[in-house]
file run_2.cif (mmCIF, C-alpha atoms)
data_coords
#
loop_
_atom_site.label_atom_id
_atom_site.label_comp_id
_atom_site.auth_asym_id
_atom_site.auth_seq_id
_atom_site.Cartn_x
_atom_site.Cartn_y
_atom_site.Cartn_z
CA MET A 1 -17.24 29.12 -3.72
CA ILE A 2 -15.66 28.60 -0.30
CA GLY A 3 -17.37 26.18 2.03
CA PRO A 4 -17.29 22.70 3.52
CA ARG A 5 -16.39 20.97 0.27
CA ALA A 6 -13.40 23.23 -0.37
CA GLY A 7 -12.29 22.80 3.21
CA VAL A 8 -12.46 19.03 3.00
CA ARG A 9 -10.44 18.93 -0.21
CA VAL A 10 -7.76 21.28 1.12
CA GLY A 11 -7.58 19.34 4.36
CA ALA A 12 -7.20 16.04 2.58
CA LYS A 13 -4.37 17.30 0.40
CA VAL A 14 -2.52 18.72 3.37
CA GLY A 15 -2.99 15.46 5.24
CA LEU A 16 -1.58 13.38 2.41
CA ALA A 17 1.45 15.64 2.09
CA GLY A 18 2.02 15.55 5.83
CA GLY A 19 2.10 11.76 6.02
CA PRO A 20 0.03 9.08 7.77
CA GLY A 21 0.29 10.80 11.15
CA GLU A 22 -2.04 13.55 9.92
CA ASP A 23 -5.81 13.17 10.26
CA PRO A 24 -7.48 15.54 7.78
CA ILE A 25 -10.91 13.99 8.18
CA GLY A 26 -10.82 13.87 11.98
CA SER A 27 -9.55 17.43 12.22
CA LEU A 28 -12.70 18.56 10.39
CA GLY A 29 -14.93 16.72 12.82
CA ILE A 30 -16.18 14.30 10.16
CA ALA A 31 -16.66 10.74 11.38
CA VAL A 32 -14.65 8.14 9.48
CA THR A 33 -13.26 5.23 11.47
CA ARG A 34 -9.47 5.14 11.75
CA ASP A 35 -7.46 2.58 13.68
CA ALA A 36 -6.03 4.26 16.76
CA THR A 37 -2.65 2.49 16.59
CA SER A 38 -1.90 1.99 12.88
CA ASN A 39 -3.59 5.25 11.73
CA ILE A 40 -5.15 3.36 8.80
CA TYR A 41 -8.66 4.43 7.77
CA THR A 42 -11.20 1.60 7.82
CA PRO A 43 -14.64 3.06 6.96
CA VAL A 44 -17.33 0.92 8.58
CA SER A 45 -20.43 1.87 6.56
CA SER A 46 -21.52 3.18 3.19
CA THR A 47 -21.89 6.63 4.79
CA GLU A 48 -18.32 6.59 6.08
CA TRP A 49 -17.06 5.35 2.72
CA ALA A 50 -18.83 8.21 0.93
CA THR A 51 -17.31 10.73 3.34
CA PHE A 52 -13.85 9.18 2.97
CA ARG A 53 -14.02 9.16 -0.84
CA ALA A 54 -15.15 12.78 -0.98
CA ALA A 55 -12.53 14.00 1.49
CA PHE A 56 -9.68 12.54 -0.54
CA GLY A 57 -11.21 13.09 -3.98
CA LEU A 58 -11.04 9.38 -4.82
CA SER A 59 -12.24 8.03 -8.17
CA VAL A 60 -13.28 4.75 -6.55
CA ALA A 61 -16.86 3.75 -5.81
CA THR A 62 -18.16 2.85 -2.37
CA PRO A 63 -17.71 -0.94 -2.04
CA ASP A 64 -20.67 -3.16 -2.82
CA SER A 65 -19.80 -5.45 0.12
CA LEU A 66 -17.99 -4.75 3.40
CA TRP A 67 -16.95 -7.22 6.10
CA LEU A 68 -15.60 -5.75 9.34
CA LEU A 69 -14.40 -9.18 10.57
CA ASN A 70 -14.61 -8.22 14.24
CA GLU A 71 -17.40 -10.61 15.29
CA SER A 72 -16.89 -12.77 18.38
CA SER A 73 -18.21 -15.88 16.59
CA GLY A 74 -20.20 -17.08 13.59
CA ASN A 75 -20.35 -15.74 10.06
CA PRO A 76 -19.06 -12.21 9.34
CA ALA A 77 -21.85 -9.88 8.24
CA ASP A 78 -21.82 -7.81 5.06
CA THR A 79 -22.49 -4.33 6.47
CA ILE A 80 -23.13 -2.70 3.06
CA GLY A 81 -24.51 -5.49 0.90
CA SER A 82 -26.24 -8.79 1.64
CA LEU A 83 -23.46 -11.38 1.27
CA PRO A 84 -22.29 -12.70 4.66
CA LEU A 85 -19.19 -14.88 4.73
CA THR A 86 -19.62 -18.45 5.96
CA ALA A 87 -16.97 -19.65 8.40
CA ALA A 88 -15.56 -23.15 7.87
CA GLY A 89 -12.65 -25.19 9.12
CA THR A 90 -10.26 -24.03 11.82
CA VAL A 91 -10.89 -20.34 12.44
CA THR A 92 -10.73 -18.01 15.44
CA TYR A 93 -12.19 -14.63 16.32
CA GLN A 94 -11.20 -11.24 17.74
CA GLN A 95 -7.52 -11.93 17.21
CA ALA A 96 -4.92 -9.20 17.76
CA ALA A 97 -2.53 -8.02 15.05
CA SER A 98 0.76 -6.30 15.78
CA GLY A 99 0.56 -2.54 15.42
CA TRP A 100 -3.25 -2.40 15.34
CA THR A 101 -5.97 -1.74 17.88
CA ARG A 102 -8.59 -3.40 15.68
CA THR A 103 -8.97 -7.17 16.01
CA GLY A 104 -9.95 -9.64 13.29
CA VAL A 105 -10.53 -13.26 12.38
CA GLY A 106 -7.73 -15.81 12.66
CA LEU A 107 -6.82 -18.18 9.82
CA THR A 108 -4.84 -21.39 10.40
CA ASP A 109 -1.85 -22.30 8.24
CA GLY A 110 -2.04 -25.15 5.74
CA VAL A 111 -5.54 -26.48 6.45
CA ASN A 112 -9.20 -25.81 5.69
CA SER A 113 -9.60 -22.36 7.24
CA GLN A 114 -11.91 -19.91 5.49
CA PHE A 115 -14.62 -17.28 5.40
CA ALA A 116 -16.38 -17.54 2.06
CA THR A 117 -19.41 -16.96 -0.14
CA THR A 118 -20.50 -18.37 -3.47
CA ALA A 119 -23.80 -16.47 -3.37
CA ALA A 120 -25.88 -15.85 -6.45
CA GLY A 121 -25.44 -12.12 -5.86
CA LEU A 122 -21.77 -12.24 -6.84
CA PRO A 123 -20.87 -11.41 -10.44
CA ASN A 124 -20.08 -14.33 -12.72
CA ALA A 125 -16.43 -13.98 -13.75
CA ASN A 126 -17.21 -15.07 -17.32
CA ALA A 127 -19.22 -11.88 -17.89
CA ALA A 128 -18.46 -9.33 -15.17
CA SER A 129 -15.76 -7.87 -12.91
CA GLN A 130 -14.87 -8.34 -9.25
CA THR A 131 -12.23 -6.61 -7.13
CA VAL A 132 -11.60 -7.70 -3.54
CA MET A 133 -9.44 -6.06 -0.85
CA ILE A 134 -8.43 -7.85 2.35
CA ILE A 135 -6.40 -6.12 5.06
CA ALA A 136 -4.47 -8.93 6.71
CA THR A 137 -1.17 -10.09 8.14
CA ALA A 138 0.42 -13.46 7.33
CA THR A 139 2.33 -14.54 10.43
CA THR A 140 3.03 -18.26 10.01
CA ALA A 141 6.02 -19.08 7.78
CA PRO A 142 4.50 -21.31 5.06
CA ALA A 143 6.11 -24.63 4.18
CA GLY A 144 4.18 -24.71 0.91
CA ASN A 145 1.98 -22.44 -1.18
CA ARG A 146 -0.76 -20.77 0.87
CA GLN A 147 -3.88 -18.94 -0.24
CA VAL A 148 -4.91 -15.55 1.14
CA TYR A 149 -7.82 -15.01 -1.25
CA VAL A 150 -9.58 -17.39 -3.63
CA GLY A 151 -12.03 -16.23 -6.28
CA PRO A 152 -13.52 -18.12 -9.23
CA ASN A 153 -10.46 -19.91 -10.68
CA ASN A 154 -8.09 -17.25 -9.36
CA SER A 155 -6.21 -16.47 -6.15
CA LEU A 156 -3.72 -14.44 -4.20
CA ARG A 157 -1.07 -16.73 -2.75
CA ILE A 158 2.04 -16.78 -0.65
CA ILE A 159 4.70 -18.96 -2.26
CA GLY A 160 6.12 -21.18 0.46
CA GLY A 161 9.75 -21.40 1.50
CA THR A 162 10.92 -18.10 0.03
CA PRO A 163 8.23 -16.64 0.70
CA ARG A 164 6.80 -14.42 -2.07
CA PHE A 165 3.50 -12.79 -3.06
CA SER A 166 1.85 -14.45 -6.06
CA VAL A 167 -1.25 -13.92 -8.19
CA THR A 168 -2.88 -16.63 -10.32
CA ALA A 169 -5.75 -17.32 -12.70
CA ILE A 170 -5.80 -21.01 -13.65
CA ALA A 171 -2.33 -21.53 -15.26
CA SER A 172 -1.48 -17.83 -15.59
CA THR A 173 0.69 -16.68 -12.70
CA ALA A 174 3.18 -14.06 -11.54
CA SER A 175 5.30 -13.88 -8.41
CA GLY A 176 6.86 -10.93 -6.67
CA ALA A 177 10.34 -10.16 -5.43
CA VAL A 178 9.91 -9.41 -1.71
CA SER A 179 8.49 -11.19 1.32
CA PRO A 180 4.94 -10.18 2.27
CA MET A 181 5.17 -11.72 5.75
CA ASN A 182 4.63 -10.31 9.24
CA ALA A 183 3.07 -6.94 8.44
CA VAL A 184 -0.54 -5.85 8.17
CA ARG A 185 -1.02 -4.94 4.54
CA PRO A 186 -3.72 -4.73 1.85
CA TRP A 187 -4.12 -7.75 -0.44
CA ILE A 188 -6.14 -6.93 -3.57
CA TYR A 189 -7.26 -9.04 -6.52
CA LYS A 190 -8.79 -7.31 -9.55
CA HIS A 191 -10.57 -9.35 -12.20
CA ASP A 192 -11.53 -6.69 -14.76
CA PHE A 193 -13.58 -8.51 -17.36
CA THR A 194 -14.35 -5.44 -19.47
CA ASN A 195 -10.71 -4.42 -19.89
CA SER A 196 -9.31 -7.98 -19.88
CA THR A 197 -6.93 -7.46 -16.95
CA GLN A 198 -6.18 -9.52 -13.86
CA THR A 199 -3.91 -7.91 -11.29
CA GLY A 200 -2.86 -8.62 -7.73
CA TYR A 201 -1.70 -5.84 -5.42
CA THR A 202 -0.22 -5.33 -2.00
CA ASP A 203 1.32 -2.14 -0.69
CA GLN A 204 4.66 -3.60 -1.81
CA GLU A 205 3.94 -4.82 -5.35
CA ALA A 206 1.48 -4.81 -8.25
CA LEU A 207 1.53 -7.95 -10.43
CA THR A 208 -0.44 -8.23 -13.68
CA ILE A 209 -0.83 -11.61 -15.33
CA ALA A 210 -1.83 -12.60 -18.86
CA PHE A 211 -5.63 -12.38 -18.92
CA THR A 212 -7.27 -15.80 -18.59
CA ALA A 213 -10.94 -16.50 -19.17
CA ILE A 214 -12.48 -17.75 -15.93
CA ALA A 215 -16.02 -18.48 -14.79
CA GLY A 216 -18.01 -18.86 -11.62
CA LYS A 217 -18.94 -17.02 -8.45
CA ALA A 218 -16.70 -17.16 -5.40
CA LEU A 219 -15.07 -14.98 -2.78
CA ARG A 220 -12.99 -16.66 -0.10
CA ILE A 221 -10.62 -15.40 2.60
CA GLY A 222 -8.32 -18.34 3.29
CA SER A 223 -8.71 -21.73 1.67
CA THR A 224 -10.53 -25.04 1.70
CA SER A 225 -7.20 -26.85 2.21
CA VAL A 226 -4.10 -24.60 2.28
CA SER A 227 -5.00 -21.34 4.03
CA PHE A 228 -2.40 -18.81 5.02
CA GLY A 229 -1.84 -18.51 8.76
CA GLY A 230 -2.54 -15.09 10.19
CA VAL A 231 -5.22 -12.50 10.93
CA ALA A 232 -7.65 -10.78 8.55
CA LEU A 233 -8.85 -7.46 9.95
CA TYR A 234 -11.10 -5.97 7.27
CA ALA A 235 -12.36 -6.81 3.79
CA CYS A 236 -14.47 -5.26 1.06
CA ALA A 237 -15.41 -5.91 -2.56
CA TRP A 238 -16.55 -4.08 -5.67
CA TYR A 239 -18.64 -5.77 -8.35
CA ASN A 240 -19.37 -5.19 -12.04
CA ALA A 241 -18.44 -1.69 -13.30
CA ASN A 242 -17.47 -0.55 -9.78
CA ALA A 243 -14.73 -3.20 -9.79
CA GLU A 244 -13.00 -1.82 -12.88
CA ILE A 245 -10.53 0.35 -10.97
CA SER A 246 -7.33 1.60 -12.59
CA ASP A 247 -3.91 0.95 -11.06
CA ALA A 248 -3.56 4.68 -10.36
CA ASN A 249 -6.88 4.81 -8.53
CA ILE A 250 -6.05 1.73 -6.46
CA ARG A 251 -2.77 3.40 -5.50
CA SER A 252 -4.61 6.58 -4.52
CA LEU A 253 -7.07 4.57 -2.43
CA LEU A 254 -4.30 2.80 -0.52
CA GLN A 255 -2.41 6.03 0.07
CA ALA A 256 -5.56 7.76 1.33
CA MET A 257 -6.17 4.89 3.74
CA GLY A 258 -2.69 5.51 5.13
CA PHE A 259 -0.55 2.80 3.50
CA SER A 260 2.86 3.58 2.02
CA VAL A 261 2.77 2.23 -1.55
CA ALA A 262 6.05 1.11 -3.10
CA TRP A 263 4.88 0.70 -6.73
#

call {"tool": "encode", "arguments": {"input": "run_2.cif", "output": "structure tokens"}}
result
Amino acid sequence: MIGPRAGVRVGAKVGLAGGPGEDPIGSLGIAVTRDATSNIYTPVSSTEWATFRAAFGLSVATPDSLWLLNESSGNPADTIGSLPLTAAGTVTYQQAASGWTRTGVGLTDGVNSQFATTAAGLPNANAASQTVMIIATATTAPAGNRQVYVGPNNSLRIIGGTPRFSVTAIASTASGAVSPMNAVRPWIYKHDFTNSTQTGYTDQEALTIAFTAIAGKALRIGSTSVSFGGVALYACAWYNANAEISDANIRSLLQAMGFSVAW
């Protein structure tokens, strides 16, 4: 059968082969938000996420929470779910990021600077899964370890001095081999309770650590004391079974969004 679905799938495949300059969704007249400068797709609603997933044939669910992070003040709204992030510490709003039209929230290096929730609606890490993606740029060279994301007893960090990407869960940790600084990139933490895996990803590296039992409910961009310094432009999260995404499917998601993935 030839029709809209076939056209979307063919268009998406051609677009991926042609590189990030192609716009298979836009060329079909289907509305999915894409940053005008970076050419990265950033779907802004559950409807746009469904369209985006179908166009690229992604085996990833629509996120359970989505934070656009483009407010002028206050607490970023969850535009899909019901878990707003509470601002605390030294934060700023509508901050520019190099190479992007979209603006985001500013985080301040080495202090309490955060947008967070510990809501009851989050999964408890001792019984369920949670995967979080933050699109952000770290722009302040860290003198010490800095946190980009903090979950329940786990985090994505930038190791100071070198610097390097790092993923932790209590004492279990792994560090990468290249600097993650001064580029807008995806930062992803996957706590897959069902399959006993904990993995951190950027477009540059994927780091899996020895699975560590953790507990609690938390989702934090930045930190209560040692935040990274930079701008977070977009964030989303998957919970429970939706969060149990394979490495291959995370790679496909990032490539469809328009990132070049090195792993």

call {"tool": "closest_residue", "arguments": {"input": "run_2.cif", "among": "A:Val167, A:Thr37, A:Ala174, A:Ala218", "to": "Ala96 of chain A", "atoms": "all atoms listed in the file"}}
result
A:Thr37

call {"tool": "resolve_selection", "arguments": {"input": "run_2.cif", "expression": "the PyMOL selection byres ((chain A and resi 81) around 10)", "output": "VMD selection string"}}
result
chain A and resid 46 63 to 67 77 to 80 82 to 84 121 237

call {"tool": "residues_around", "arguments": {"input": "run_2.cif", "residues": "segment 152-165 of chain A", "least_positions_apart": "5", "cutoff": "8 Å", "atoms": "only C-alpha atoms", "output": "ChimeraX atom specification"}}
result
/A:125,141-147,170,175-181,187-189,200,214-219,228

call {"tool": "closest_residue", "arguments": {"input": "run_2.cif", "among": "A:Ala256, A:Ile245, A:Ala262, A:Leu122", "to": "Val60 of chain A", "atoms": "only C-alpha atoms"}}
result
A:Ile245

call {"tool": "residues_around", "arguments": {"input": "run_2.cif", "residues": "segment 130-139 of chain A", "least_positions_apart": "4", "cutoff": "7 Å", "atoms": "all atoms listed in the file", "output": "PyMOL selection string"}}
result
chain A and resi 123+181-192+228-240+243

call {"tool": "closest_residue", "arguments": {"input": "run_2.cif", "among": "A:Asn249, A:Thr62, A:Thr108, A:Ser166", "to": "Thr202 of chain A", "atoms": "only C-alpha atoms"}}
result
A:Ser166

call {"tool": "closest_residue", "arguments": {"input": "run_2.cif", "among": "A:Ala169, A:Tyr41, A:Ile221, A:Trp49", "to": "Val105 of chain A", "atoms": "only C-alpha atoms"}}
result
A:Ile221

call {"tool": "atom_distance", "arguments": {"input": "run_2.cif", "atom1": "atom CA of Gly99 of chain A", "atom2": "atom CA of Ser223 of chain A"}}
result
25.4 Å

call {"tool": "atom_distance", "arguments": {"input": "run_2.cif", "atom1": "atom CA of Ala36 of chain A", "atom2": "atom CA of Glu48 of chain A"}}
result
16.4 Å

call {"tool": "closest_residue", "arguments": {"input": "run_2.cif", "among": "A:Gly151, A:Gly74, A:Gly222, A:Gly258", "to": "Gln114 of chain A", "atoms": "only C-alpha atoms"}}
result
A:Gly222

call {"tool": "atom_distance", "arguments": {"input": "run_2.cif", "atom1": "atom CA of Gln94 of chain A", "atom2": "atom CA of Thr33 of chain A"}}
result
17.7 Å

call {"tool": "resolve_selection", "arguments": {"input": "run_2.cif", "expression": "the PyMOL selection byres ((chain A and resi 52) around 10)", "output": "NGL selection string"}}
result
:A and (8 or 12 or 25 or 30-33 or 41-43 or 46-51 or 53-58 or 62 or 253 or 256-257)

call {"tool": "closest_residue", "arguments": {"input": "run_2.cif", "among": "A:Ile250, A:Leu69, A:Val111, A:Ala213", "to": "Ala171 of chain A", "atoms": "only C-alpha atoms"}}
result
A:Ala213

call {"tool": "resolve_selection", "arguments": {"input": "run_2.cif", "expression": "the PyMOL selection byres ((chain A and resi 102) around 8)", "output": "ChimeraX atom specification"}}
result
/A:35,70,96-97,100-101,103-104,233
